[in-house]
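Structure file upload_21.pdb with PDB, C-alpha atoms:
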```pdb
ATOM      1  CA  MET A   1       0.000   0.000   0.000  1.00  0.00           C
ATOM      2  CA  ASP A   2       1.537   3.305  -1.098  1.00  0.00           C
ATOM      3  CA  GLN A   3       1.560   6.630   0.747  1.00  0.00           C
ATOM      4  CA  ASN A   4      -1.585   7.993  -0.960  1.00  0.00           C
ATOM      5  CA  GLN A   5      -3.582   4.916   0.008  1.00  0.00           C
ATOM      6  CA  ARG A   6      -2.452   5.204   3.634  1.00  0.00           C
ATOM      7  CA  ARG A   7      -3.530   8.843   3.726  1.00  0.00           C
ATOM      8  CA  ILE A   8      -6.917   8.163   2.156  1.00  0.00           C
ATOM      9  CA  LEU A   9      -7.654   5.317   4.529  1.00  0.00           C
ATOM     10  CA  GLY A  10      -5.720   6.672   7.476  1.00  0.00           C
ATOM     11  CA  GLN A  11      -6.849  10.288   7.665  1.00  0.00           C
ATOM     12  CA  PRO A  12     -10.400   9.558   8.852  1.00  0.00           C
ATOM     13  CA  LEU A  13      -8.893   7.578  11.747  1.00  0.00           C
ATOM     14  CA  SER A  14      -7.531  10.806  13.254  1.00  0.00           C
ATOM     15  CA  ILE A  15     -10.616  11.089  15.411  1.00  0.00           C
ATOM     16  CA  PRO A  16     -10.807  13.596  18.271  1.00  0.00           C
ATOM     17  CA  THR A  17     -10.720  11.852  21.633  1.00  0.00           C
ATOM     18  CA  SER A  18     -13.871  13.714  22.617  1.00  0.00           C
ATOM     19  CA  GLN A  19     -15.926  11.517  20.305  1.00  0.00           C
ATOM     20  CA  PRO A  20     -17.735   8.559  21.899  1.00  0.00           C
ATOM     21  CA  LYS A  21     -15.694   5.366  22.056  1.00  0.00           C
ATOM     22  CA  GLN A  22     -18.402   3.488  20.164  1.00  0.00           C
ATOM     23  CA  LYS A  23     -18.241   5.963  17.257  1.00  0.00           C
ATOM     24  CA  ARG A  24     -14.436   5.815  17.124  1.00  0.00           C
ATOM     25  CA  THR A  25     -14.572   2.019  17.115  1.00  0.00           C
ATOM     26  CA  SER A  26     -17.166   2.051  14.326  1.00  0.00           C
ATOM     27  CA  MET A  27     -15.050   4.314  12.118  1.00  0.00           C
ATOM     28  CA  ILE A  28     -11.896   2.291  12.756  1.00  0.00           C
ATOM     29  CA  SER A  29     -13.787  -0.911  11.993  1.00  0.00           C
ATOM     30  CA  PHE A  30     -15.100   0.486   8.698  1.00  0.00           C
ATOM     31  CA  PHE A  31     -11.730   1.594   7.377  1.00  0.00           C
ATOM     32  CA  SER A  32     -10.112  -1.605   8.656  1.00  0.00           C
ATOM     33  CA  LYS A  33     -12.508  -3.538   6.447  1.00  0.00           C
ATOM     34  CA  VAL A  34     -11.594  -1.346   3.495  1.00  0.00           C
ATOM     35  CA  SER A  35      -7.903  -1.913   4.200  1.00  0.00           C
ATOM     36  CA  TRP A  36      -8.496  -5.665   4.554  1.00  0.00           C
ATOM     37  CA  LYS A  37     -10.171  -5.808   1.144  1.00  0.00           C
ATOM     38  CA  LEU A  38      -7.265  -3.959  -0.425  1.00  0.00           C
ATOM     39  CA  ARG A  39      -4.830  -6.653   0.676  1.00  0.00           C
ATOM     40  CA  PHE A  40      -6.459  -9.013  -1.792  1.00  0.00           C
ATOM     41  CA  GLN A  41      -6.495  -6.536  -4.669  1.00  0.00           C
ATOM     42  CA  LYS A  42      -3.267  -6.383  -6.630  1.00  0.00           C
ATOM     43  CA  ARG A  43      -4.287  -4.187  -9.556  1.00  0.00           C
ATOM     44  CA  GLU A  44      -4.985  -0.483  -9.252  1.00  0.00           C
ATOM     45  CA  PRO A  45      -5.528  -0.533  -5.451  1.00  0.00           C
ATOM     46  CA  LEU A  46      -6.399   3.175  -5.348  1.00  0.00           C
ATOM     47  CA  LYS A  47      -9.177   2.555  -7.841  1.00  0.00           C
ATOM     48  CA  ASN A  48     -10.478  -0.166  -5.563  1.00  0.00           C
ATOM     49  CA  VAL A  49     -10.561   2.276  -2.653  1.00  0.00           C
ATOM     50  CA  PHE A  50     -12.714   4.560  -4.757  1.00  0.00           C
ATOM     51  CA  PHE A  51     -15.234   1.870  -5.619  1.00  0.00           C
ATOM     52  CA  ILE A  52     -15.407   0.683  -2.020  1.00  0.00           C
ATOM     53  CA  LEU A  53     -16.158   4.251  -0.903  1.00  0.00           C
ATOM     54  CA  ALA A  54     -18.716   4.572  -3.703  1.00  0.00           C
ATOM     55  CA  GLU A  55     -20.476   1.468  -2.417  1.00  0.00           C
ATOM     56  CA  ARG A  56     -20.496   2.760   1.166  1.00  0.00           C
ATOM     57  CA  ALA A  57     -21.821   6.171   0.048  1.00  0.00           C
ATOM     58  CA  ARG A  58     -25.207   4.536  -0.584  1.00  0.00           C
ATOM     59  CA  ASP A  59     -25.130   2.223   2.405  1.00  0.00           C
ATOM     60  CA  PRO A  60     -28.293   2.062   4.583  1.00  0.00           C
ATOM     61  CA  SER A  61     -26.123   3.038   7.561  1.00  0.00           C
ATOM     62  CA  ALA A  62     -25.866   6.821   7.980  1.00  0.00           C
ATOM     63  CA  LYS A  63     -22.525   6.387   9.757  1.00  0.00           C
ATOM     64  CA  LYS A  64     -21.064   4.525   6.797  1.00  0.00           C
ATOM     65  CA  ARG A  65     -22.432   7.102   4.363  1.00  0.00           C
ATOM     66  CA  HIS A  66     -20.877   9.860   6.435  1.00  0.00           C
ATOM     67  CA  MET A  67     -17.490   8.147   6.539  1.00  0.00           C
ATOM     68  CA  ALA A  68     -17.650   7.423   2.811  1.00  0.00           C
ATOM     69  CA  MET A  69     -18.235  11.112   2.033  1.00  0.00           C
ATOM     70  CA  ARG A  70     -15.268  11.974   4.224  1.00  0.00           C
ATOM     71  CA  GLY A  71     -13.190   9.366   2.426  1.00  0.00           C
ATOM     72  CA  LEU A  72     -14.119  10.850  -0.954  1.00  0.00           C
ATOM     73  CA  GLY A  73     -12.983  14.234   0.333  1.00  0.00           C
ATOM     74  CA  THR A  74      -9.651  12.777   1.374  1.00  0.00           C
ATOM     75  CA  MET A  75      -9.249  11.135  -2.026  1.00  0.00           C
ATOM     76  CA  ALA A  76     -10.022  14.448  -3.727  1.00  0.00           C
ATOM     77  CA  CYS A  77      -7.175  16.045  -1.795  1.00  0.00           C
ATOM     78  CA  GLU A  78      -4.668  13.230  -2.161  1.00  0.00           C
ATOM     79  CA  ALA A  79      -5.509  11.890  -5.627  1.00  0.00           C
ATOM     80  CA  PRO A  80      -7.095  14.665  -7.729  1.00  0.00           C
ATOM     81  CA  ASP A  81      -6.374  12.713 -10.922  1.00  0.00           C
ATOM     82  CA  LYS A  82      -8.823  10.048  -9.762  1.00  0.00           C
ATOM     83  CA  VAL A  83     -11.401  12.742  -9.089  1.00  0.00           C
ATOM     84  CA  ARG A  84     -11.127  14.037 -12.634  1.00  0.00           C
ATOM     85  CA  LYS A  85     -11.275  10.534 -14.071  1.00  0.00           C
ATOM     86  CA  HIS A  86     -14.362   9.519 -12.105  1.00  0.00           C
ATOM     87  CA  LYS A  87     -15.856  13.008 -11.877  1.00  0.00           C
ATOM     88  CA  LYS A  88     -19.428  12.133 -12.850  1.00  0.00           C
ATOM     89  CA  ILE A  89     -19.616   9.198 -10.454  1.00  0.00           C
ATOM     90  CA  ILE A  90     -18.196  11.261  -7.579  1.00  0.00           C
ATOM     91  CA  LEU A  91     -20.546  14.180  -8.232  1.00  0.00           C
ATOM     92  CA  ASP A  92     -23.500  11.815  -8.367  1.00  0.00           C
ATOM     93  CA  LEU A  93     -22.518  10.336  -4.995  1.00  0.00           C
ATOM     94  CA  LEU A  94     -21.994  13.743  -3.411  1.00  0.00           C
ATOM     95  CA  VAL A  95     -25.299  15.107  -4.681  1.00  0.00           C
ATOM     96  CA  TYR A  96     -26.929  11.972  -3.293  1.00  0.00           C
ATOM     97  CA  GLY A  97     -25.326  12.769   0.058  1.00  0.00           C
ATOM     98  CA  LEU A  98     -26.269  16.426  -0.223  1.00  0.00           C
ATOM     99  CA  TYR A  99     -29.936  15.437  -0.318  1.00  0.00           C
ATOM    100  CA  ASP A 100     -29.659  12.852   2.480  1.00  0.00           C
ATOM    101  CA  LEU A 101     -33.022  12.541   4.192  1.00  0.00           C
ATOM    102  CA  VAL A 102     -31.736  11.254   7.511  1.00  0.00           C
ATOM    103  CA  SER A 103     -28.331  12.553   8.527  1.00  0.00           C
ATOM    104  CA  LEU A 104     -27.241  16.171   8.832  1.00  0.00           C
ATOM    105  CA  GLU A 105     -23.682  14.901   9.203  1.00  0.00           C
ATOM    106  CA  VAL A 106     -23.844  13.257   5.769  1.00  0.00           C
ATOM    107  CA  ILE A 107     -25.157  16.477   4.261  1.00  0.00           C
ATOM    108  CA  HIS A 108     -22.441  18.555   5.911  1.00  0.00           C
ATOM    109  CA  GLU A 109     -19.670  16.176   4.842  1.00  0.00           C
ATOM    110  CA  SER A 110     -21.047  16.224   1.287  1.00  0.00           C
ATOM    111  CA  VAL A 111     -20.959  20.022   1.236  1.00  0.00           C
ATOM    112  CA  LYS A 112     -17.362  20.105   2.474  1.00  0.00           C
ATOM    113  CA  THR A 113     -16.246  17.486  -0.029  1.00  0.00           C
ATOM    114  CA  LEU A 114     -18.018  19.294  -2.861  1.00  0.00           C
ATOM    115  CA  THR A 115     -16.002  22.433  -2.125  1.00  0.00           C
ATOM    116  CA  VAL A 116     -12.833  20.374  -2.507  1.00  0.00           C
ATOM    117  CA  VAL A 117     -13.979  18.582  -5.661  1.00  0.00           C
ATOM    118  CA  LEU A 118     -15.210  21.754  -7.360  1.00  0.00           C
ATOM    119  CA  GLY A 119     -11.884  23.355  -6.612  1.00  0.00           C
ATOM    120  CA  LYS A 120      -9.993  20.446  -8.167  1.00  0.00           C
ATOM    121  CA  ILE A 121     -12.074  20.400 -11.360  1.00  0.00           C
ATOM    122  CA  GLN A 122     -12.495  24.194 -11.439  1.00  0.00           C
ATOM    123  CA  GLY A 123     -16.217  23.788 -11.949  1.00  0.00           C
ATOM    124  CA  LYS A 124     -15.754  22.174 -15.371  1.00  0.00           C
ATOM    125  CA  GLY A 125     -18.190  19.575 -16.627  1.00  0.00           C
ATOM    126  CA  LEU A 126     -20.733  19.965 -13.840  1.00  0.00           C
ATOM    127  CA  GLY A 127     -23.657  19.683 -16.221  1.00  0.00           C
ATOM    128  CA  SER A 128     -27.059  19.431 -14.556  1.00  0.00           C
ATOM    129  CA  PHE A 129     -25.307  18.718 -11.245  1.00  0.00           C
ATOM    130  CA  PHE A 130     -24.847  22.485 -11.033  1.00  0.00           C
ATOM    131  CA  ILE A 131     -28.608  22.924 -10.619  1.00  0.00           C
ATOM    132  CA  ASP A 132     -28.936  20.144  -8.036  1.00  0.00           C
ATOM    133  CA  ILE A 133     -26.031  21.468  -5.971  1.00  0.00           C
ATOM    134  CA  THR A 134     -27.201  25.089  -6.148  1.00  0.00           C
ATOM    135  CA  LEU A 135     -30.799  24.378  -5.134  1.00  0.00           C
ATOM    136  CA  GLN A 136     -29.845  22.377  -2.062  1.00  0.00           C
ATOM    137  CA  THR A 137     -26.931  24.603  -1.015  1.00  0.00           C
ATOM    138  CA  ARG A 138     -29.209  27.644  -1.037  1.00  0.00           C
ATOM    139  CA  THR A 139     -31.510  25.980   1.507  1.00  0.00           C
ATOM    140  CA  LEU A 140     -28.558  25.395   3.853  1.00  0.00           C
ATOM    141  CA  LEU A 141     -27.517  29.044   4.111  1.00  0.00           C
ATOM    142  CA  ASP A 142     -29.997  29.588   6.938  1.00  0.00           C
ATOM    143  CA  ASP A 143     -29.366  26.307   8.735  1.00  0.00           C
ATOM    144  CA  GLU A 144     -29.119  26.479  12.534  1.00  0.00           C
ATOM    145  CA  ASN A 145     -25.814  24.602  12.541  1.00  0.00           C
ATOM    146  CA  ASP A 146     -22.983  27.162  12.337  1.00  0.00           C
ATOM    147  CA  SER A 147     -20.501  24.796  10.710  1.00  0.00           C
ATOM    148  CA  LEU A 148     -22.953  23.687   8.037  1.00  0.00           C
ATOM    149  CA  ARG A 149     -23.982  27.281   7.386  1.00  0.00           C
ATOM    150  CA  TYR A 150     -20.324  28.272   6.970  1.00  0.00           C
ATOM    151  CA  SER A 151     -19.632  25.429   4.532  1.00  0.00           C
ATOM    152  CA  ALA A 152     -22.780  26.249   2.566  1.00  0.00           C
ATOM    153  CA  PHE A 153     -21.685  29.868   2.087  1.00  0.00           C
ATOM    154  CA  VAL A 154     -18.255  28.742   0.908  1.00  0.00           C
ATOM    155  CA  LEU A 155     -19.819  26.345  -1.601  1.00  0.00           C
ATOM    156  CA  PHE A 156     -22.357  28.912  -2.815  1.00  0.00           C
ATOM    157  CA  GLY A 157     -19.517  31.345  -3.438  1.00  0.00           C
ATOM    158  CA  GLN A 158     -17.764  28.723  -5.543  1.00  0.00           C
ATOM    159  CA  LEU A 159     -20.923  28.143  -7.544  1.00  0.00           C
ATOM    160  CA  ALA A 160     -21.071  31.862  -8.284  1.00  0.00           C
ATOM    161  CA  ALA A 161     -17.599  31.658  -9.774  1.00  0.00           C
ATOM    162  CA  PHE A 162     -18.368  28.560 -11.842  1.00  0.00           C
ATOM    163  CA  ALA A 163     -21.844  29.425 -13.170  1.00  0.00           C
ATOM    164  CA  GLY A 164     -20.516  30.664 -16.496  1.00  0.00           C
ATOM    165  CA  ARG A 165     -22.740  31.603 -19.421  1.00  0.00           C
ATOM    166  CA  LYS A 166     -24.617  28.319 -19.422  1.00  0.00           C
ATOM    167  CA  TRP A 167     -26.062  28.737 -15.946  1.00  0.00           C
ATOM    168  CA  LYS A 168     -25.945  32.525 -15.599  1.00  0.00           C
ATOM    169  CA  LYS A 169     -29.694  33.051 -15.978  1.00  0.00           C
ATOM    170  CA  PHE A 170     -30.512  30.221 -13.586  1.00  0.00           C
ATOM    171  CA  PHE A 171     -27.987  31.312 -10.981  1.00  0.00           C
ATOM    172  CA  THR A 172     -29.108  34.942 -11.205  1.00  0.00           C
ATOM    173  CA  GLY A 173     -32.579  33.803 -10.198  1.00  0.00           C
ATOM    174  CA  GLN A 174     -31.153  31.791  -7.323  1.00  0.00           C
ATOM    175  CA  VAL A 175     -29.080  34.710  -6.055  1.00  0.00           C
ATOM    176  CA  LYS A 176     -32.142  36.957  -6.193  1.00  0.00           C
ATOM    177  CA  GLN A 177     -34.007  34.470  -3.979  1.00  0.00           C
ATOM    178  CA  THR A 178     -30.976  34.267  -1.685  1.00  0.00           C
ATOM    179  CA  ARG A 179     -30.467  38.023  -1.396  1.00  0.00           C
ATOM    180  CA  ASP A 180     -32.082  38.389   2.022  1.00  0.00           C
ATOM    181  CA  SER A 181     -30.004  35.548   3.461  1.00  0.00           C
ATOM    182  CA  LEU A 182     -26.821  37.065   2.080  1.00  0.00           C
ATOM    183  CA  LEU A 183     -27.613  40.400   3.676  1.00  0.00           C
ATOM    184  CA  ILE A 184     -28.780  39.055   7.019  1.00  0.00           C
ATOM    185  CA  HIS A 185     -25.772  36.793   7.525  1.00  0.00           C
ATOM    186  CA  LEU A 186     -23.353  39.631   6.986  1.00  0.00           C
ATOM    187  CA  GLN A 187     -24.079  40.072  10.684  1.00  0.00           C
ATOM    188  CA  ASP A 188     -24.190  36.385  11.519  1.00  0.00           C
ATOM    189  CA  ARG A 189     -23.725  35.516  15.186  1.00  0.00           C
ATOM    190  CA  ASN A 190     -20.710  33.441  14.172  1.00  0.00           C
ATOM    191  CA  PRO A 191     -17.808  35.651  12.980  1.00  0.00           C
ATOM    192  CA  GLN A 192     -16.498  32.952  10.628  1.00  0.00           C
ATOM    193  CA  VAL A 193     -19.899  32.563   8.975  1.00  0.00           C
ATOM    194  CA  ALA A 194     -20.196  36.354   8.636  1.00  0.00           C
ATOM    195  CA  LYS A 195     -16.761  36.435   6.985  1.00  0.00           C
ATOM    196  CA  ALA A 196     -17.680  33.621   4.593  1.00  0.00           C
ATOM    197  CA  CYS A 197     -20.964  35.354   3.792  1.00  0.00           C
ATOM    198  CA  LYS A 198     -19.164  38.578   2.957  1.00  0.00           C
ATOM    199  CA  THR A 199     -16.826  36.756   0.576  1.00  0.00           C
ATOM    200  CA  THR A 200     -19.767  34.989  -1.055  1.00  0.00           C
ATOM    201  CA  PHE A 201     -21.696  38.234  -1.311  1.00  0.00           C
ATOM    202  CA  ARG A 202     -18.863  39.745  -3.313  1.00  0.00           C
ATOM    203  CA  ALA A 203     -18.739  36.674  -5.553  1.00  0.00           C
ATOM    204  CA  CYS A 204     -22.484  36.997  -6.161  1.00  0.00           C
ATOM    205  CA  SER A 205     -22.417  40.750  -6.783  1.00  0.00           C
ATOM    206  CA  PRO A 206     -22.395  40.441 -10.609  1.00  0.00           C
ATOM    207  CA  TYR A 207     -25.727  38.624 -10.366  1.00  0.00           C
ATOM    208  CA  LEU A 208     -27.211  41.362  -8.178  1.00  0.00           C
ATOM    209  CA  LYS A 209     -26.654  44.216 -10.618  1.00  0.00           C
ATOM    210  CA  LEU A 210     -29.848  45.944 -11.624  1.00  0.00           C
ATOM    211  CA  ARG A 211     -31.041  46.319 -15.178  1.00  0.00           C
ATOM    212  CA  LYS A 212     -31.405  49.856 -16.508  1.00  0.00           C
ATOM    213  CA  GLU A 213     -35.180  49.562 -16.661  1.00  0.00           C
ATOM    214  CA  TYR A 214     -35.378  48.146 -13.129  1.00  0.00           C
ATOM    215  CA  SER A 215     -36.230  50.343 -10.154  1.00  0.00           C
ATOM    216  CA  PHE A 216     -37.216  49.693  -6.561  1.00  0.00           C
ATOM    217  CA  GLN A 217     -40.964  50.222  -6.895  1.00  0.00           C
ATOM    218  CA  SER A 218     -42.413  47.177  -5.168  1.00  0.00           C
ATOM    219  CA  GLU A 219     -42.946  46.987  -1.424  1.00  0.00           C
ATOM    220  CA  GLU A 220     -40.501  44.086  -1.213  1.00  0.00           C
ATOM    221  CA  ASP A 221     -37.775  46.061  -2.999  1.00  0.00           C
ATOM    222  CA  GLN A 222     -38.357  49.064  -0.753  1.00  0.00           C
ATOM    223  CA  ARG A 223     -37.868  46.852   2.293  1.00  0.00           C
ATOM    224  CA  ASN A 224     -34.661  45.493   0.775  1.00  0.00           C
ATOM    225  CA  THR A 225     -33.359  49.022   0.183  1.00  0.00           C
ATOM    226  CA  LYS A 226     -33.951  49.888   3.846  1.00  0.00           C
ATOM    227  CA  LEU A 227     -32.226  46.670   4.866  1.00  0.00           C
ATOM    228  CA  TYR A 228     -29.209  47.489   2.687  1.00  0.00           C
ATOM    229  CA  ARG A 229     -28.837  50.896   4.325  1.00  0.00           C
ATOM    230  CA  GLN A 230     -29.411  49.567   7.829  1.00  0.00           C
ATOM    231  CA  LEU A 231     -26.664  46.998   7.341  1.00  0.00           C
ATOM    232  CA  SER A 232     -24.439  49.624   5.787  1.00  0.00           C
ATOM    233  CA  HIS A 233     -24.680  51.578   9.029  1.00  0.00           C
ATOM    234  CA  TYR A 234     -22.786  48.724  10.697  1.00  0.00           C
ATOM    235  CA  HIS A 235     -20.660  47.930   7.635  1.00  0.00           C
ATOM    236  CA  PRO A 236     -19.755  51.248   5.914  1.00  0.00           C
ATOM    237  CA  GLU A 237     -17.693  49.406   3.331  1.00  0.00           C
ATOM    238  CA  ILE A 238     -20.830  47.529   2.247  1.00  0.00           C
ATOM    239  CA  LEU A 239     -22.595  50.763   1.280  1.00  0.00           C
ATOM    240  CA  GLN A 240     -19.671  51.688  -0.973  1.00  0.00           C
ATOM    241  CA  PHE A 241     -19.768  48.183  -2.375  1.00  0.00           C
ATOM    242  CA  PHE A 242     -23.484  48.480  -3.177  1.00  0.00           C
ATOM    243  CA  TYR A 243     -23.083  51.764  -5.035  1.00  0.00           C
ATOM    244  CA  ALA A 244     -19.937  50.657  -6.858  1.00  0.00           C
ATOM    245  CA  ASN A 245     -21.760  47.609  -8.207  1.00  0.00           C
ATOM    246  CA  LYS A 246     -24.982  49.536  -8.915  1.00  0.00           C
ATOM    247  CA  ILE A 247     -26.965  47.422  -6.491  1.00  0.00           C
ATOM    248  CA  LEU A 248     -28.530  50.551  -4.996  1.00  0.00           C
TER     249      LEU A 248
END
```

I need this file expressed as structure tokens, please.
Amino acid sequence: MDQNQRRILGQPLSIPTSQPKQKRTSMISFFSKVSWKLRFQKREPLKNVFFILAERARDPSAKKRHMAMRGLGTMACEAPDKVRKHKKIILDLLVYGLYDLVSLEVIHESVKTLTVVLGKIQGKGLGSFFIDITLQTRTLLDDENDSLRYSAFVLFGQLAAFAGRKWKKFFTGQVKQTRDSLLIHLQDRNPQVAKACKTTFRACSPYLKLRKEYSFQSEEDQRNTKLYRQLSHYHPEILQFFYANKIL
């Protein structure tokens, strides 16, 4: 087993001691089984790791799904060539995890891994996965879990950068629906989330520009204008940002 394989299988074993002993044992047991299977595979062992993780990503056990998503993230970091080669399969697995109906941990791990994968492939070849990822990520921006909210803002910012011409119209509509969340979380109770939100807001600014024929006439738009200015009272640089990008 080479160094990359050890890292992919070994990294998830670096479990904080604060976690319950039963959970640590479960994770160690899972990756021990993966390692055991690899001993009997002589050809392309790293490829075998990938397919084992792919199998576990759809396992009935939420714990195994969670660990599989983490393993895919590790592989994306340690073996980006494999990510590019099996891009469609990996994206399909991560989107599946993103929409997990049972475990918030699986969803969170999927979001974190997606940020890594999108970075490795530079958003190329996402296809319709772009829509699936965007729709679900947008719903996570207001999640009660600070860590998940932070990861969702990071991912949404990446999506803004990778929308391109193909998805510009779609993503513009999504940003418009997300506008209130972007503004509110500039003052998020968690400083790290607020920082991530600010970065994402800047990435989304091209999609917030108003058309020449557009004006704030509706009641909703008037409320948004007041919200912009109220927030700008606490963030003076935001007001300059709004005017510079013709958002106000």

Subject >> Matched chain/residue IDs from the PyMOL selection byres ((chain A and resi 89) around 12), as an NGL selection string >> reply: :A and (50-51 or 53-55 or 57 or 72 or 82-88 or 90-96 or 117 or 126 or 129)

Original post:
So, counting only C-alpha atoms, which residue among A:Asn190, A:Leu141, A:Tyr150, A:Thr134 is closest to Gly173 in chain A?
Top reply: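 Closest to Gly173 in chain A, using only C-alpha atoms: A:Thr134.
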
Original post:
Suppose you want the space between CA of Val49 in chain A and CA of Glu109 in chain A; what is it in Å?
Top reply: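 One can read the CA of Val49 in chain A to CA of Glu109 in chain A distance as 18.2 Å.
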
Taking (-19.6, 4.7, 4.1) in the file's coordinates as the center, which residues reach within 8 Å of it, counting only C-alpha atoms, put as an mmCIF file with C-alpha atoms, in the coordinates of the input?
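Result saved to part.cif:
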```
data_model
loop_
_atom_site.group_PDB
_atom_site.id
_atom_site.type_symbol
_atom_site.label_atom_id
_atom_site.label_comp_id
_atom_site.auth_asym_id
_atom_site.auth_seq_id
_atom_site.Cartn_x
_atom_site.Cartn_y
_atom_site.Cartn_z
ATOM 1 C CA PHE A 30 -15.100 0.486 8.698
ATOM 2 C CA LEU A 53 -16.158 4.251 -0.903
ATOM 3 C CA ALA A 54 -18.716 4.572 -3.703
ATOM 4 C CA GLU A 55 -20.476 1.468 -2.417
ATOM 5 C CA ARG A 56 -20.496 2.760 1.166
ATOM 6 C CA ALA A 57 -21.821 6.171 0.048
ATOM 7 C CA ARG A 58 -25.207 4.536 -0.584
ATOM 8 C CA ASP A 59 -25.130 2.223 2.405
ATOM 9 C CA SER A 61 -26.123 3.038 7.561
ATOM 10 C CA ALA A 62 -25.866 6.821 7.980
ATOM 11 C CA LYS A 63 -22.525 6.387 9.757
ATOM 12 C CA LYS A 64 -21.064 4.525 6.797
ATOM 13 C CA ARG A 65 -22.432 7.102 4.363
ATOM 14 C CA HIS A 66 -20.877 9.860 6.435
ATOM 15 C CA MET A 67 -17.490 8.147 6.539
ATOM 16 C CA ALA A 68 -17.650 7.423 2.811
ATOM 17 C CA MET A 69 -18.235 11.112 2.033
#
```

**OP:** Fewer than 5 positions away in the same chain doesn't count, so skip those; otherwise give me all residues within 6 Å of range 200-208 of chain A, counting all atoms listed in the file, as a ChimeraX atom specification.
**Re:** /A:157,160,172

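Neighbouring residues of Arg138 in chain A at 9 Å or closer, counting all atoms listed in the file and skipping chain neighbours under 3 positions away, are A:Ile133, A:Thr134, A:Leu135, A:Leu141, A:Asp142, A:Ala152, A:Phe153, A:Phe156, A:Gln174, A:Val175, A:Gln177, A:Thr178.
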
**OP:** Fewer than 3 positions away in the same chain doesn't count, so skip those; otherwise give me all residues within 12 Å of Asp188 in chain A, counting all atoms listed in the file, as number ranges by chain.
**Re:** A: 141-146, 149-150, 153, 181-185, 191-198, 231

Original post:
What is the distance between CA of Ala76 in chain A and CA of Gly97 in chain A, in Å to one decimal?
Top reply: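 CA of Ala76 in chain A sits 15.9 Å away from CA of Gly97 in chain A.
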
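Shortest atom-to-atom contact with Gly73 in chain A among A:Thr137, A:Ser110, A:Ser151, A:Thr199: A:Ser110, counting only C-alpha atoms.
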
**OP:** Calculate how many Å separate CA of Ser128 in chain A from CA of Leu101 in chain A, rounding to one decimal.
**Re:**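 Computing it gives 20.8 Å between the two atoms.
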
Subject >> the PyMOL selection byres ((chain A and resi 118) around 10) resolved against shown file, as a list in words >> reply: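 Answer for the PyMOL selection byres ((chain A and resi 118) around 10): Ala76, Val83, Lys87, Leu91, Thr113, Leu114, Thr115, Val116, Val117, Gly119, Lys120, Ile121, Gln122, Gly123, Lys124, Gly125, Leu126, Leu155, Gln158, Leu159 and Phe162 of chain A.
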
Generate a file of the selected residues that holds C-alpha atoms, formatted as a short mmCIF file (atom, residue, chain, number, x, y, z; two decimals), in the frame of the given file.
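Contents of part_1.cif, freshly written:
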```cif
data_model
loop_
_atom_site.label_atom_id
_atom_site.label_comp_id
_atom_site.auth_asym_id
_atom_site.auth_seq_id
_atom_site.Cartn_x
_atom_site.Cartn_y
_atom_site.Cartn_z
CA ALA A 76 -10.02 14.45 -3.73
CA VAL A 83 -11.40 12.74 -9.09
CA LYS A 87 -15.86 13.01 -11.88
CA LEU A 91 -20.55 14.18 -8.23
CA THR A 113 -16.25 17.49 -0.03
CA LEU A 114 -18.02 19.29 -2.86
CA THR A 115 -16.00 22.43 -2.12
CA VAL A 116 -12.83 20.37 -2.51
CA VAL A 117 -13.98 18.58 -5.66
CA GLY A 119 -11.88 23.36 -6.61
CA LYS A 120 -9.99 20.45 -8.17
CA ILE A 121 -12.07 20.40 -11.36
CA GLN A 122 -12.50 24.19 -11.44
CA GLY A 123 -16.22 23.79 -11.95
CA LYS A 124 -15.75 22.17 -15.37
CA GLY A 125 -18.19 19.58 -16.63
CA LEU A 126 -20.73 19.96 -13.84
CA LEU A 155 -19.82 26.34 -1.60
CA GLN A 158 -17.76 28.72 -5.54
CA LEU A 159 -20.92 28.14 -7.54
CA PHE A 162 -18.37 28.56 -11.84
#
```
